[in-house]
Structures are given as C-alpha cells and as structure tokens.
Amino acid sequence: MLYVALLAFVLWVLCFADAVTTDDDQFRNLSKEGWLVIVLLLPLVGSVLWIVVGRPQKIPSDRLPADPEEAEFVRRCRERAEEQRRQGFHGRDQE
C-alpha cells in the first residue's frame with residue numbers, strides 16, 4: 001500500500017512539474033492556470049487527466065506530406081524558417 005501511495009505521489013509531482021514547464025500556448029482543453037489547479041487539487045485524478053487530455057501532443061517535426069509538391073513546399077518553408085532564426089529575424093519587414 002505504501003508503494004502505491006509513493007507511486008501516486010511521484011506521478012503527481014511529475015505531472016505538476018510538466019504542467020508548470022509547458023509553454024502557455026501548448027495546453028489543450030484548458031488554460032495553464034486551469035490545469036495547474038486541477039492537478040494540484042485532485043492529485044491522482046488530475047494527474048491522469050493531465051496525461052490523457054491536457055498534455056500537448058507531440059508531432060514529429062520530420063514528418064512530411066505524401067504529395068511530393070507539398071513535401072517540397074514544407075521543406076522550403078522549414079529551410080526559410082531556420083535561415084530566419086539564424087539571422088535573428090524578429091519581424092516581417094525588417095531590413
């Protein structure tokens with residue numbers, strides 16, 4: 001029984017830390033504050049809810065569309081974005 005309580009506590013701490021460190025624009029279904037309150041006040045249920053419906057979905061960045069033209073477009077967009085990041089691009093019409 002002690003192990004179950006310890007496991008639930010570890011799960012709660014990890015989920016709370018994950019919710020705290022997640023960027024504000026990546027939350028699903030609720031705001032950051034809403035998820036923090038749920039995970040904090042309902043430790044076990046809130047942790048499970050966070051994992052199932054709250055965490056941001058991770059989409060592989062290397063996935064390309066099946067259509068060759070679309071795949072080429074996405075590849076060029078990524079190259080342009082990377083070039084802008086390297087140059088410190090902060091606006092659309094900076095010159």
# chains A, B, ... in the order shown; residues from 1 in each chain; ligands from 1

call {"tool": "residues_around", "arguments": {"residues": "stretch 27-29 of chain A", "least_positions_apart": "3", "cutoff": "10 Å", "atoms": "only C-alpha atoms", "output": "PDB file with C-alpha atoms, in the first residue's frame"}}
result
ATOM      1  CA  ALA A  19       2.293  21.392 -16.443  1.00  0.00           C
ATOM      2  CA  THR A  22       4.790  23.617 -20.534  1.00  0.00           C
ATOM      3  CA  ASP A  23       4.507  26.774 -22.652  1.00  0.00           C
ATOM      4  CA  ASP A  24       1.229  28.682 -22.274  1.00  0.00           C
ATOM      5  CA  LYS A  32      -2.408  26.739 -17.897  1.00  0.00           C
ATOM      6  CA  GLY A  34      -6.885  25.662 -15.003  1.00  0.00           C
ATOM      7  CA  TRP A  35      -4.644  22.629 -15.425  1.00  0.00           C
ATOM      8  CA  TRP A  50      -3.362  15.878 -17.461  1.00  0.00           C
ATOM      9  CA  VAL A  53      -6.342  15.226 -22.203  1.00  0.00           C
ATOM     10  CA  GLY A  54      -4.096  18.078 -21.111  1.00  0.00           C
ATOM     11  CA  ARG A  55      -0.553  17.455 -22.279  1.00  0.00           C
ATOM     12  CA  PRO A  56       0.445  18.935 -25.625  1.00  0.00           C
ATOM     13  CA  GLN A  57       0.510  16.466 -28.453  1.00  0.00           C
TER      14      GLN A  57
END

call {"tool": "closest_residue", "arguments": {"among": "A:Ile51, A:Ala81, A:Leu44, A:Val74", "to": "A:Ala5", "atoms": "only C-alpha atoms"}}
result
A:Leu44

call {"tool": "closest_residue", "arguments": {"among": "A:Cys77, A:Gln87, A:Ala17, A:Met1", "to": "A:Ser47", "atoms": "only C-alpha atoms"}}
result
A:Ala17

call {"tool": "closest_residue", "arguments": {"among": "A:Leu41, A:Ala66, A:Leu36, A:Val52", "to": "A:Asp18", "atoms": "only C-alpha atoms"}}
result
A:Leu36
